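Enquirer: Structure supplied as entry21.tsv; contents: TSV, N, CA, C and O atoms.
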```tsv
chain	number	residue	atom	x	y	z
G	1	MET	N	0.83	-1.19	0.00
G	1	MET	CA	0.00	0.00	0.00
G	1	MET	C	0.87	1.25	0.00
G	1	MET	O	1.98	1.24	0.52
G	2	ALA	N	0.34	2.30	-0.57
G	2	ALA	CA	0.99	3.61	-0.56
G	2	ALA	C	0.19	4.51	0.37
G	2	ALA	O	-0.91	4.17	0.81
G	3	GLU	N	0.75	5.66	0.67
G	3	GLU	CA	0.08	6.63	1.53
G	3	GLU	C	-0.20	7.89	0.71
G	3	GLU	O	0.68	8.41	0.04
G	4	LEU	N	-1.45	8.35	0.77
G	4	LEU	CA	-1.85	9.58	0.11
G	4	LEU	C	-2.07	10.62	1.20
G	4	LEU	O	-2.78	10.35	2.17
G	5	ILE	N	-1.45	11.78	1.05
G	5	ILE	CA	-1.55	12.84	2.05
G	5	ILE	C	-2.16	14.07	1.39
G	5	ILE	O	-1.69	14.53	0.34
G	6	LEU	N	-3.20	14.61	2.02
G	6	LEU	CA	-3.90	15.79	1.53
G	6	LEU	C	-3.58	17.00	2.40
G	6	LEU	O	-3.26	16.85	3.58
G	7	THR	N	-3.73	18.18	1.83
G	7	THR	CA	-3.63	19.40	2.62
G	7	THR	C	-4.90	19.52	3.47
G	7	THR	O	-5.91	18.87	3.21
G	8	ARG	N	-4.85	20.37	4.48
G	8	ARG	CA	-6.02	20.57	5.35
G	8	ARG	C	-7.24	21.04	4.56
G	8	ARG	O	-8.35	20.64	4.84
G	9	ALA	N	-7.02	21.92	3.59
G	9	ALA	CA	-8.14	22.42	2.80
G	9	ALA	C	-8.84	21.28	2.06
G	9	ALA	O	-10.07	21.22	2.01
G	10	LEU	N	-8.08	20.37	1.49
G	10	LEU	CA	-8.67	19.22	0.79
G	10	LEU	C	-9.24	18.20	1.76
G	10	LEU	O	-10.26	17.57	1.49
G	11	ALA	N	-8.60	18.04	2.90
G	11	ALA	CA	-9.07	17.07	3.89
G	11	ALA	C	-10.47	17.40	4.39
G	11	ALA	O	-11.20	16.52	4.84
G	12	ALA	N	-10.85	18.66	4.28
G	12	ALA	CA	-12.21	19.05	4.68
G	12	ALA	C	-13.26	18.30	3.86
G	12	ALA	O	-14.40	18.12	4.31
G	13	GLN	N	-12.89	17.83	2.68
G	13	GLN	CA	-13.81	17.08	1.82
G	13	GLN	C	-13.88	15.60	2.17
G	13	GLN	O	-14.71	14.87	1.64
G	14	VAL	N	-12.99	15.15	3.05
G	14	VAL	CA	-12.91	13.73	3.39
G	14	VAL	C	-12.90	13.53	4.91
G	14	VAL	O	-12.05	12.83	5.45
G	15	ASN	N	-13.83	14.20	5.57
G	15	ASN	CA	-13.97	14.09	7.03
G	15	ASN	C	-12.70	14.47	7.77
G	15	ASN	O	-12.36	13.89	8.80
G	16	ASN	N	-11.97	15.45	7.22
G	16	ASN	CA	-10.74	15.98	7.83
G	16	ASN	C	-9.65	14.93	8.03
G	16	ASN	O	-8.79	15.09	8.89
G	17	GLN	N	-9.68	13.90	7.23
G	17	GLN	CA	-8.64	12.87	7.30
G	17	GLN	C	-7.51	13.25	6.34
G	17	GLN	O	-7.70	13.26	5.12
G	18	LEU	N	-6.35	13.55	6.89
G	18	LEU	CA	-5.21	14.00	6.07
G	18	LEU	C	-4.51	12.87	5.35
G	18	LEU	O	-4.00	13.04	4.25
G	19	GLN	N	-4.46	11.69	5.96
G	19	GLN	CA	-3.70	10.57	5.41
G	19	GLN	C	-4.64	9.42	5.07
G	19	GLN	O	-5.56	9.12	5.83
G	20	HIS	N	-4.34	8.77	3.95
G	20	HIS	CA	-5.15	7.66	3.46
G	20	HIS	C	-4.23	6.57	2.93
G	20	HIS	O	-3.31	6.87	2.16
G	21	GLU	N	-4.49	5.34	3.29
G	21	GLU	CA	-3.78	4.22	2.67
G	21	GLU	C	-4.49	3.91	1.37
G	21	GLU	O	-5.72	3.79	1.34
G	22	VAL	N	-3.72	3.78	0.30
G	22	VAL	CA	-4.30	3.57	-1.02
G	22	VAL	C	-3.63	2.42	-1.74
G	22	VAL	O	-2.45	2.12	-1.52
G	23	ASP	N	-4.40	1.78	-2.58
G	23	ASP	CA	-3.89	0.72	-3.46
G	23	ASP	C	-3.91	1.25	-4.88
G	23	ASP	O	-4.74	2.09	-5.23
G	24	GLY	N	-3.03	0.73	-5.69
G	24	GLY	CA	-3.02	1.10	-7.10
G	24	GLY	C	-1.63	0.99	-7.68
G	24	GLY	O	-0.64	1.25	-7.00
G	25	ALA	N	-1.59	0.62	-8.94
G	25	ALA	CA	-0.31	0.49	-9.64
G	25	ALA	C	0.19	1.83	-10.16
G	25	ALA	O	1.36	1.96	-10.50
G	26	ASN	N	-0.71	2.81	-10.23
G	26	ASN	CA	-0.32	4.14	-10.70
G	26	ASN	C	-1.10	5.20	-9.93
G	26	ASN	O	-1.97	4.88	-9.11
G	27	VAL	N	-0.80	6.46	-10.19
G	27	VAL	CA	-1.44	7.55	-9.45
G	27	VAL	C	-2.95	7.55	-9.65
G	27	VAL	O	-3.72	7.75	-8.72
G	28	ARG	N	-3.41	7.31	-10.88
G	28	ARG	CA	-4.86	7.31	-11.12
G	28	ARG	C	-5.55	6.26	-10.25
G	28	ARG	O	-6.56	6.53	-9.61
G	29	GLU	N	-5.03	5.04	-10.22
G	29	GLU	CA	-5.65	3.98	-9.42
G	29	GLU	C	-5.61	4.32	-7.93
G	29	GLU	O	-6.56	4.04	-7.20
G	30	ALA	N	-4.53	4.93	-7.48
G	30	ALA	CA	-4.44	5.34	-6.08
G	30	ALA	C	-5.49	6.39	-5.74
G	30	ALA	O	-6.18	6.29	-4.72
G	31	LEU	N	-5.65	7.37	-6.61
G	31	LEU	CA	-6.69	8.39	-6.39
G	31	LEU	C	-8.08	7.78	-6.44
G	31	LEU	O	-8.95	8.12	-5.64
G	32	GLU	N	-8.29	6.86	-7.38
G	32	GLU	CA	-9.61	6.23	-7.50
G	32	GLU	C	-9.99	5.49	-6.22
G	32	GLU	O	-11.15	5.43	-5.86
G	33	SER	N	-9.01	4.95	-5.51
G	33	SER	CA	-9.33	4.24	-4.27
G	33	SER	C	-9.84	5.21	-3.21
G	33	SER	O	-10.68	4.84	-2.39
G	34	VAL	N	-9.38	6.45	-3.22
G	34	VAL	CA	-9.92	7.47	-2.30
G	34	VAL	C	-11.27	7.96	-2.82
G	34	VAL	O	-12.20	8.15	-2.04
G	35	PHE	N	-11.39	8.16	-4.13
G	35	PHE	CA	-12.65	8.62	-4.70
G	35	PHE	C	-13.78	7.63	-4.45
G	35	PHE	O	-14.95	8.02	-4.37
G	36	ALA	N	-13.46	6.35	-4.34
G	36	ALA	CA	-14.50	5.35	-4.08
G	36	ALA	C	-15.19	5.63	-2.74
G	36	ALA	O	-16.39	5.45	-2.61
G	37	ALA	N	-14.42	6.07	-1.76
G	37	ALA	CA	-14.97	6.37	-0.44
G	37	ALA	C	-15.48	7.81	-0.35
G	37	ALA	O	-16.41	8.10	0.41
G	38	TYR	N	-14.85	8.71	-1.09
G	38	TYR	CA	-15.18	10.14	-1.03
G	38	TYR	C	-15.31	10.71	-2.44
G	38	TYR	O	-14.44	11.43	-2.91
G	39	PRO	N	-16.40	10.40	-3.14
G	39	PRO	CA	-16.53	10.82	-4.54
G	39	PRO	C	-16.51	12.34	-4.72
G	39	PRO	O	-16.12	12.83	-5.78
G	40	GLN	N	-16.89	13.09	-3.70
G	40	GLN	CA	-16.92	14.55	-3.82
G	40	GLN	C	-15.51	15.14	-3.99
G	40	GLN	O	-15.35	16.24	-4.51
G	41	LEU	N	-14.49	14.41	-3.61
G	41	LEU	CA	-13.12	14.90	-3.73
G	41	LEU	C	-12.68	15.00	-5.19
G	41	LEU	O	-11.88	15.87	-5.54
G	42	ARG	N	-13.22	14.15	-6.03
G	42	ARG	CA	-12.82	14.11	-7.45
G	42	ARG	C	-12.93	15.49	-8.10
G	42	ARG	O	-12.01	15.93	-8.78
G	43	ARG	N	-14.01	16.21	-7.88
G	43	ARG	CA	-14.21	17.49	-8.57
G	43	ARG	C	-13.22	18.56	-8.12
G	43	ARG	O	-12.98	19.52	-8.82
G	44	TYR	N	-12.63	18.39	-6.95
G	44	TYR	CA	-11.62	19.33	-6.47
G	44	TYR	C	-10.25	19.05	-7.09
G	44	TYR	O	-9.42	19.96	-7.19
G	45	LEU	N	-10.01	17.80	-7.49
G	45	LEU	CA	-8.69	17.42	-7.97
G	45	LEU	C	-8.59	17.27	-9.48
G	45	LEU	O	-7.54	17.57	-10.06
G	46	LEU	N	-9.66	16.78	-10.11
G	46	LEU	CA	-9.60	16.44	-11.53
G	46	LEU	C	-10.61	17.22	-12.35
G	46	LEU	O	-11.69	17.55	-11.88
G	47	THR	N	-10.26	17.48	-13.61
G	47	THR	CA	-11.18	18.09	-14.55
G	47	THR	C	-12.21	17.05	-14.98
G	47	THR	O	-12.07	15.86	-14.69
G	48	ASP	N	-13.21	17.50	-15.72
G	48	ASP	CA	-14.21	16.55	-16.25
G	48	ASP	C	-13.56	15.51	-17.15
G	48	ASP	O	-14.05	14.39	-17.27
G	49	GLY	N	-12.43	15.86	-17.79
G	49	GLY	CA	-11.71	14.93	-18.65
G	49	GLY	C	-10.76	14.01	-17.89
G	49	GLY	O	-10.13	13.15	-18.50
G	50	GLY	N	-10.66	14.19	-16.57
G	50	GLY	CA	-9.84	13.29	-15.77
G	50	GLY	C	-8.41	13.73	-15.54
G	50	GLY	O	-7.62	13.01	-14.92
G	51	ALA	N	-8.03	14.92	-16.01
G	51	ALA	CA	-6.68	15.44	-15.80
G	51	ALA	C	-6.62	16.17	-14.46
G	51	ALA	O	-7.64	16.64	-13.95
G	52	VAL	N	-5.43	16.32	-13.93
G	52	VAL	CA	-5.24	17.08	-12.70
G	52	VAL	C	-5.56	18.54	-12.99
G	52	VAL	O	-5.09	19.10	-13.99
G	53	ARG	N	-6.36	19.15	-12.14
G	53	ARG	CA	-6.71	20.56	-12.32
G	53	ARG	C	-5.45	21.43	-12.27
G	53	ARG	O	-4.47	21.09	-11.62
G	54	GLN	N	-5.52	22.58	-12.93
G	54	GLN	CA	-4.38	23.48	-13.05
G	54	GLN	C	-3.86	23.93	-11.69
G	54	GLN	O	-2.65	24.07	-11.50
G	55	HIS	N	-4.73	24.14	-10.72
G	55	HIS	CA	-4.33	24.66	-9.41
G	55	HIS	C	-3.97	23.56	-8.40
G	55	HIS	O	-3.79	23.84	-7.22
G	56	VAL	N	-3.86	22.32	-8.88
G	56	VAL	CA	-3.52	21.19	-8.01
G	56	VAL	C	-2.19	20.61	-8.45
G	56	VAL	O	-1.92	20.49	-9.65
G	57	ASN	N	-1.36	20.28	-7.49
G	57	ASN	CA	-0.10	19.59	-7.77
G	57	ASN	C	-0.09	18.25	-7.05
G	57	ASN	O	-0.55	18.16	-5.90
G	58	VAL	N	0.41	17.24	-7.72
G	58	VAL	CA	0.51	15.90	-7.15
G	58	VAL	C	1.98	15.50	-7.18
G	58	VAL	O	2.62	15.53	-8.24
G	59	PHE	N	2.49	15.16	-6.02
G	59	PHE	CA	3.88	14.74	-5.88
G	59	PHE	C	3.91	13.26	-5.52
G	59	PHE	O	3.14	12.80	-4.68
G	60	LEU	N	4.82	12.54	-6.13
G	60	LEU	CA	5.06	11.14	-5.82
G	60	LEU	C	6.46	11.06	-5.25
G	60	LEU	O	7.44	11.32	-5.96
G	61	ASN	N	6.55	10.76	-3.96
G	61	ASN	CA	7.85	10.71	-3.28
G	61	ASN	C	8.65	12.00	-3.50
G	61	ASN	O	9.79	11.97	-3.91
G	62	GLU	N	8.02	13.11	-3.29
G	62	GLU	CA	8.64	14.44	-3.35
G	62	GLU	C	8.99	14.92	-4.76
G	62	GLU	O	9.65	15.93	-4.93
G	63	THR	N	8.52	14.19	-5.78
G	63	THR	CA	8.75	14.59	-7.16
G	63	THR	C	7.40	14.83	-7.82
G	63	THR	O	6.50	13.99	-7.75
G	64	LEU	N	7.27	15.98	-8.47
G	64	LEU	CA	6.05	16.30	-9.19
G	64	LEU	C	5.78	15.23	-10.24
G	64	LEU	O	6.69	14.85	-10.99
G	65	ILE	N	4.54	14.72	-10.29
G	65	ILE	CA	4.25	13.68	-11.28
G	65	ILE	C	4.43	14.23	-12.69
G	65	ILE	O	4.27	15.42	-12.94
G	66	GLU	N	4.78	13.34	-13.61
G	66	GLU	CA	5.03	13.73	-15.00
G	66	GLU	C	3.75	13.73	-15.82
G	66	GLU	O	3.59	14.55	-16.71
G	67	ASP	N	2.84	12.81	-15.55
G	67	ASP	CA	1.65	12.62	-16.38
G	67	ASP	C	0.42	13.19	-15.68
G	67	ASP	O	-0.30	12.49	-14.97
G	68	ARG	N	0.17	14.48	-15.87
G	68	ARG	CA	-0.98	15.15	-15.24
G	68	ARG	C	-2.29	14.80	-15.93
G	68	ARG	O	-3.35	15.01	-15.37
G	69	ARG	N	-2.24	14.28	-17.13
G	69	ARG	CA	-3.46	13.95	-17.88
G	69	ARG	C	-3.88	12.49	-17.63
G	69	ARG	O	-5.01	12.22	-17.26
G	70	GLY	N	-2.97	11.56	-17.81
G	70	GLY	CA	-3.30	10.15	-17.66
G	70	GLY	C	-3.05	9.60	-16.27
G	70	GLY	O	-3.54	8.53	-15.93
G	71	LEU	N	-2.24	10.32	-15.47
G	71	LEU	CA	-1.91	9.90	-14.10
G	71	LEU	C	-1.30	8.50	-14.08
G	71	LEU	O	-1.58	7.69	-13.21
G	72	SER	N	-0.43	8.25	-15.05
G	72	SER	CA	0.13	6.91	-15.22
G	72	SER	C	1.43	6.68	-14.44
G	72	SER	O	1.99	5.58	-14.50
G	73	ASP	N	1.92	7.68	-13.71
G	73	ASP	CA	3.15	7.50	-12.93
G	73	ASP	C	2.99	6.29	-12.02
G	73	ASP	O	1.99	6.17	-11.30
G	74	ALA	N	3.96	5.39	-12.04
G	74	ALA	CA	3.88	4.14	-11.29
G	74	ALA	C	3.99	4.38	-9.79
G	74	ALA	O	4.80	5.19	-9.33
G	75	VAL	N	3.15	3.67	-9.04
G	75	VAL	CA	3.15	3.74	-7.57
G	75	VAL	C	3.51	2.37	-7.04
G	75	VAL	O	2.99	1.35	-7.49
G	76	SER	N	4.41	2.35	-6.06
G	76	SER	CA	4.83	1.11	-5.41
G	76	SER	C	4.44	1.14	-3.94
G	76	SER	O	4.23	2.21	-3.37
G	77	SER	N	4.40	-0.02	-3.35
G	77	SER	CA	4.13	-0.12	-1.92
G	77	SER	C	5.16	0.70	-1.16
G	77	SER	O	6.35	0.65	-1.47
G	78	GLY	N	4.71	1.49	-0.21
G	78	GLY	CA	5.60	2.33	0.57
G	78	GLY	C	5.79	3.73	0.02
G	78	GLY	O	6.39	4.58	0.67
G	79	ASP	N	5.29	3.98	-1.19
G	79	ASP	CA	5.38	5.32	-1.77
G	79	ASP	C	4.45	6.28	-1.03
G	79	ASP	O	3.48	5.87	-0.39
G	80	THR	N	4.76	7.57	-1.18
G	80	THR	CA	3.91	8.62	-0.62
G	80	THR	C	3.48	9.55	-1.73
G	80	THR	O	4.30	10.00	-2.54
G	81	ILE	N	2.18	9.82	-1.77
G	81	ILE	CA	1.60	10.74	-2.74
G	81	ILE	C	1.07	11.94	-1.97
G	81	ILE	O	0.24	11.78	-1.07
G	82	HIS	N	1.57	13.13	-2.30
G	82	HIS	CA	1.08	14.36	-1.69
G	82	HIS	C	0.22	15.09	-2.72
G	82	HIS	O	0.64	15.28	-3.86
G	83	VAL	N	-0.98	15.50	-2.31
G	83	VAL	CA	-1.86	16.27	-3.17
G	83	VAL	C	-2.00	17.66	-2.54
G	83	VAL	O	-2.44	17.79	-1.39
G	84	ILE	N	-1.60	18.68	-3.30
G	84	ILE	CA	-1.56	20.04	-2.78
G	84	ILE	C	-2.38	20.93	-3.70
G	84	ILE	O	-2.17	20.97	-4.91
G	85	GLN	N	-3.31	21.66	-3.11
G	85	GLN	CA	-4.16	22.58	-3.84
G	85	GLN	C	-3.69	24.00	-3.56
G	85	GLN	O	-3.51	24.38	-2.40
G	86	ALA	N	-3.48	24.79	-4.60
G	86	ALA	CA	-3.07	26.17	-4.43
G	86	ALA	C	-4.19	26.96	-3.77
G	86	ALA	O	-5.37	26.75	-4.04
G	87	VAL	N	-3.81	27.85	-2.87
G	87	VAL	CA	-4.77	28.70	-2.19
G	87	VAL	C	-4.34	30.15	-2.42
G	87	VAL	O	-3.16	30.47	-2.31
G	88	SER	N	-5.31	30.99	-2.74
G	88	SER	CA	-4.98	32.41	-2.96
G	88	SER	C	-5.79	33.25	-2.00
G	88	SER	O	-6.72	32.79	-1.36
G	89	GLY	N	-5.41	34.49	-1.93
G	89	GLY	CA	-6.14	35.42	-1.07
G	89	GLY	C	-5.27	35.92	0.04
G	89	GLY	O	-4.08	35.71	0.08
G	90	GLY	N	-5.89	36.60	0.97
G	90	GLY	CA	-5.15	37.16	2.09
G	90	GLY	C	-5.00	38.66	1.91
G	90	GLY	O	-5.51	39.26	0.99
G	91	SER	N	-4.29	39.26	2.82
G	91	SER	CA	-4.08	40.69	2.74
G	91	SER	C	-2.59	41.01	2.82
G	91	SER	O	-1.80	40.24	3.33
G	92	ALA	N	-2.26	42.15	2.32
G	92	ALA	CA	-0.86	42.57	2.28
G	92	ALA	C	-0.49	43.35	3.52
G	92	ALA	O	-1.25	43.89	4.21
```
Can you present the structure in this file as C-alpha cells?

Expert:
Amino acid sequence: MAELILTRALAAQVNNQLQHEVDGANVREALESVFAAYPQLRRYLLTDGGAVRQHVNVFLNETLIEDRRGLSDAVSSGDTIHVIQAVSGGSA
C-alpha cells in the first residue's frame, strides 16, 4: 500500500482525514481508491476529462508527477503521494 496525504483544505472534503492508505499500480488507481470512499473529492482534484486541475499539484515521493493527464506514474508499496491545492487570497 501507498500513503496519500492531503492538505487541510482538501481534507475538509474527506472528514478531515489528512492521510489515506491507497492501493493502485499508478497515481490514477491510487486516487480512484480514495474517490471510491469520497466521490466529492474528485471534482476538487480532476477536470471533467480526468486530468489534474491546473491549481492542483501531485507529488510522488517528493517529485512532481510527470503525467498530469493520464496519471500513469507508477506507484509502489511504501510510496507517498502528496496532493496540494493552491490557495490564494489574504491581505498585504

Enquirer: Which polymer residues have any atom within 8 Å of an atom of Glu62 of chain G, counting only N, CA, C and O atoms, with same-chain residues fewer than 6 positions away left out, as a list in words?

Expert: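 Non-adjacent residues within range: Thr80, Ile81 and His82 of chain G.
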
Enquirer: Return the single residue from G:Arg69, G:Gly50, G:Arg28, G:Tyr38 that is closest to Asn15 of chain G, with distances computed using all atoms listed in the file.

Expert: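 Looking at the shortest contact to Asn15 of chain G, the residue is G:Tyr38.
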
Enquirer: Of the candidates G:Thr63, G:Gln40, G:Ser77, G:Asn57, which one gets nearest to Ile5 of chain G if we count all atoms listed in the file?

Expert: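 With all atoms listed in the file as the atom set, the closest residue is G:Asn57.
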
Enquirer: Using DSSP on the backbone coordinates, identify the residues of chain G assigned to alpha helix (DSSP H); present them as a ChimeraX atom specification.

Expert: /G:8-11,27-37,42-45

Enquirer: Residues of the last selection are to be written out with N, CA, C and O atoms, as a PDB file, in the coordinates of the input.

Expert:
```
ATOM      1  N   ARG G   8      -4.850  20.370   4.480  1.00  0.00           N
ATOM      2  CA  ARG G   8      -6.020  20.570   5.350  1.00  0.00           C
ATOM      3  C   ARG G   8      -7.240  21.040   4.560  1.00  0.00           C
ATOM      4  O   ARG G   8      -8.350  20.640   4.840  1.00  0.00           O
ATOM      5  N   ALA G   9      -7.020  21.920   3.590  1.00  0.00           N
ATOM      6  CA  ALA G   9      -8.140  22.420   2.800  1.00  0.00           C
ATOM      7  C   ALA G   9      -8.840  21.280   2.060  1.00  0.00           C
ATOM      8  O   ALA G   9     -10.070  21.220   2.010  1.00  0.00           O
ATOM      9  N   LEU G  10      -8.080  20.370   1.490  1.00  0.00           N
ATOM     10  CA  LEU G  10      -8.670  19.220   0.790  1.00  0.00           C
ATOM     11  C   LEU G  10      -9.240  18.200   1.760  1.00  0.00           C
ATOM     12  O   LEU G  10     -10.260  17.570   1.490  1.00  0.00           O
ATOM     13  N   ALA G  11      -8.600  18.040   2.900  1.00  0.00           N
ATOM     14  CA  ALA G  11      -9.070  17.070   3.890  1.00  0.00           C
ATOM     15  C   ALA G  11     -10.470  17.400   4.390  1.00  0.00           C
ATOM     16  O   ALA G  11     -11.200  16.520   4.840  1.00  0.00           O
ATOM     17  N   VAL G  27      -0.800   6.460 -10.190  1.00  0.00           N
ATOM     18  CA  VAL G  27      -1.440   7.550  -9.450  1.00  0.00           C
ATOM     19  C   VAL G  27      -2.950   7.550  -9.650  1.00  0.00           C
ATOM     20  O   VAL G  27      -3.720   7.750  -8.720  1.00  0.00           O
ATOM     21  N   ARG G  28      -3.410   7.310 -10.880  1.00  0.00           N
ATOM     22  CA  ARG G  28      -4.860   7.310 -11.120  1.00  0.00           C
ATOM     23  C   ARG G  28      -5.550   6.260 -10.250  1.00  0.00           C
ATOM     24  O   ARG G  28      -6.560   6.530  -9.610  1.00  0.00           O
ATOM     25  N   GLU G  29      -5.030   5.040 -10.220  1.00  0.00           N
ATOM     26  CA  GLU G  29      -5.650   3.980  -9.420  1.00  0.00           C
ATOM     27  C   GLU G  29      -5.610   4.320  -7.930  1.00  0.00           C
ATOM     28  O   GLU G  29      -6.560   4.040  -7.200  1.00  0.00           O
ATOM     29  N   ALA G  30      -4.530   4.930  -7.480  1.00  0.00           N
ATOM     30  CA  ALA G  30      -4.440   5.340  -6.080  1.00  0.00           C
ATOM     31  C   ALA G  30      -5.490   6.390  -5.740  1.00  0.00           C
ATOM     32  O   ALA G  30      -6.180   6.290  -4.720  1.00  0.00           O
ATOM     33  N   LEU G  31      -5.650   7.370  -6.610  1.00  0.00           N
ATOM     34  CA  LEU G  31      -6.690   8.390  -6.390  1.00  0.00           C
ATOM     35  C   LEU G  31      -8.080   7.780  -6.440  1.00  0.00           C
ATOM     36  O   LEU G  31      -8.950   8.120  -5.640  1.00  0.00           O
ATOM     37  N   GLU G  32      -8.290   6.860  -7.380  1.00  0.00           N
ATOM     38  CA  GLU G  32      -9.610   6.230  -7.500  1.00  0.00           C
ATOM     39  C   GLU G  32      -9.990   5.490  -6.220  1.00  0.00           C
ATOM     40  O   GLU G  32     -11.150   5.430  -5.860  1.00  0.00           O
ATOM     41  N   SER G  33      -9.010   4.950  -5.510  1.00  0.00           N
ATOM     42  CA  SER G  33      -9.330   4.240  -4.270  1.00  0.00           C
ATOM     43  C   SER G  33      -9.840   5.210  -3.210  1.00  0.00           C
ATOM     44  O   SER G  33     -10.680   4.840  -2.390  1.00  0.00           O
ATOM     45  N   VAL G  34      -9.380   6.450  -3.220  1.00  0.00           N
ATOM     46  CA  VAL G  34      -9.920   7.470  -2.300  1.00  0.00           C
ATOM     47  C   VAL G  34     -11.270   7.960  -2.820  1.00  0.00           C
ATOM     48  O   VAL G  34     -12.200   8.150  -2.040  1.00  0.00           O
ATOM     49  N   PHE G  35     -11.390   8.160  -4.130  1.00  0.00           N
ATOM     50  CA  PHE G  35     -12.650   8.620  -4.700  1.00  0.00           C
ATOM     51  C   PHE G  35     -13.780   7.630  -4.450  1.00  0.00           C
ATOM     52  O   PHE G  35     -14.950   8.020  -4.370  1.00  0.00           O
ATOM     53  N   ALA G  36     -13.460   6.350  -4.340  1.00  0.00           N
ATOM     54  CA  ALA G  36     -14.500   5.350  -4.080  1.00  0.00           C
ATOM     55  C   ALA G  36     -15.190   5.630  -2.740  1.00  0.00           C
ATOM     56  O   ALA G  36     -16.390   5.450  -2.610  1.00  0.00           O
ATOM     57  N   ALA G  37     -14.420   6.070  -1.760  1.00  0.00           N
ATOM     58  CA  ALA G  37     -14.970   6.370  -0.440  1.00  0.00           C
ATOM     59  C   ALA G  37     -15.480   7.810  -0.350  1.00  0.00           C
ATOM     60  O   ALA G  37     -16.410   8.100   0.410  1.00  0.00           O
ATOM     61  N   ARG G  42     -13.220  14.150  -6.030  1.00  0.00           N
ATOM     62  CA  ARG G  42     -12.820  14.110  -7.450  1.00  0.00           C
ATOM     63  C   ARG G  42     -12.930  15.490  -8.100  1.00  0.00           C
ATOM     64  O   ARG G  42     -12.010  15.930  -8.780  1.00  0.00           O
ATOM     65  N   ARG G  43     -14.010  16.210  -7.880  1.00  0.00           N
ATOM     66  CA  ARG G  43     -14.210  17.490  -8.570  1.00  0.00           C
ATOM     67  C   ARG G  43     -13.220  18.560  -8.120  1.00  0.00           C
ATOM     68  O   ARG G  43     -12.980  19.520  -8.820  1.00  0.00           O
ATOM     69  N   TYR G  44     -12.630  18.390  -6.950  1.00  0.00           N
ATOM     70  CA  TYR G  44     -11.620  19.330  -6.470  1.00  0.00           C
ATOM     71  C   TYR G  44     -10.250  19.050  -7.090  1.00  0.00           C
ATOM     72  O   TYR G  44      -9.420  19.960  -7.190  1.00  0.00           O
ATOM     73  N   LEU G  45     -10.010  17.800  -7.490  1.00  0.00           N
ATOM     74  CA  LEU G  45      -8.690  17.420  -7.970  1.00  0.00           C
ATOM     75  C   LEU G  45      -8.590  17.270  -9.480  1.00  0.00           C
ATOM     76  O   LEU G  45      -7.540  17.570 -10.060  1.00  0.00           O
TER      77      LEU G  45
END
```

Enquirer: Which one of G:Leu64, G:Ala86, G:Val58, G:Leu4 sits closest to Phe35 of chain G if you count only C-alpha atoms?

Expert: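 Distance minimum relative to Phe35 of chain G lands on G:Leu4.
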
Enquirer: Pick from G:Gln17, G:Ile84, G:Val27, G:Val22: nearest to Glu3 of chain G, with only C-alpha atoms counted?

Expert: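 Nearest to Glu3 of chain G: G:Val22.
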
Enquirer: For Ala51 of chain G, which of G:Ile65, G:Leu71, G:Ala12, G:Ala37 is the closest residue, counting all atoms listed in the file?

Expert: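 Checking each candidate against Ala51 of chain G, we get G:Leu71 as the closest.
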
Enquirer: Using all atoms listed in the file, find the one residue out of G:Arg68, G:Phe59, G:Arg8, G:Asp79 that sits nearest to Thr47 of chain G.

Expert: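 That would be G:Arg68, the residue with the smallest distance to Thr47 of chain G.
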
Enquirer: Which value, in Å to one decimal, gives the distance between atom CA of Glu66 of chain G and atom CA of Asn16 of chain G?

Expert: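 Distance reported for this atom pair: 27.8 Å.
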
Enquirer: Would you give me, as a list in words, the residues in chain G that DSSP reads as strand (DSSP E or B)?

Expert: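 Of chain G, only Ala2, Glu3, Leu4, Ile5, Leu6, Gln19, His20, Glu21, Val22, Asn26, Leu46, Val52, Val56, Asn57, Val58, Phe59, Leu60, Thr63, Leu64, Ala74, Thr80, Ile81, His82, Val83, Ile84 and Gln85 of chain G fall in strand (DSSP E or B).
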
Enquirer: Atom N of Ala30 of chain G and atom CA of Gly70 of chain G are how many Å apart?

Expert: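 Separating atom N of Ala30 of chain G from atom CA of Gly70 of chain G is a distance of 11.5 Å.
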
Enquirer: Around segment 43-49 of chain G, with edges along x, y and z and 6 Å added on all six sides, what centre and edge lengths do you get, in Å to one decimal, as JSON?

Expert:
```
{"center_x": -10.9, "center_y": 16.6, "center_z": -12.6, "size_x": 18.7, "size_y": 18.8, "size_z": 24.2}
```

Enquirer: What does the structure give for the distance between atom O of Gly78 of chain G and atom O of Asp48 of chain G, in Å to one decimal?

Expert: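 A separation of 28.9 Å between them.
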
Enquirer: Would you pick out the contacts of Leu45 of chain G at 7 Å or less, using all atoms listed in the file, so that residues sharing its chain but fewer than 6 positions from it are not included, and give the list as a list in words?

Expert: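 The residues that qualify are Ala51, Val52, Arg53, Gln54 and Val56 of chain G.
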
Enquirer: Since we have the selection now, will you write its residues out, keeping N, CA, C and O atoms, as a short mmCIF file (atom, residue, chain, number, x, y, z; two decimals), in the frame of the given file?

Expert:
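Output file part_37.cif is given in full below:
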```cif
data_model
loop_
_atom_site.label_atom_id
_atom_site.label_comp_id
_atom_site.auth_asym_id
_atom_site.auth_seq_id
_atom_site.Cartn_x
_atom_site.Cartn_y
_atom_site.Cartn_z
N ALA G 51 -8.03 14.92 -16.01
CA ALA G 51 -6.68 15.44 -15.80
C ALA G 51 -6.62 16.17 -14.46
O ALA G 51 -7.64 16.64 -13.95
N VAL G 52 -5.43 16.32 -13.93
CA VAL G 52 -5.24 17.08 -12.70
C VAL G 52 -5.56 18.54 -12.99
O VAL G 52 -5.09 19.10 -13.99
N ARG G 53 -6.36 19.15 -12.14
CA ARG G 53 -6.71 20.56 -12.32
C ARG G 53 -5.45 21.43 -12.27
O ARG G 53 -4.47 21.09 -11.62
N GLN G 54 -5.52 22.58 -12.93
CA GLN G 54 -4.38 23.48 -13.05
C GLN G 54 -3.86 23.93 -11.69
O GLN G 54 -2.65 24.07 -11.50
N VAL G 56 -3.86 22.32 -8.88
CA VAL G 56 -3.52 21.19 -8.01
C VAL G 56 -2.19 20.61 -8.45
O VAL G 56 -1.92 20.49 -9.65
#
```
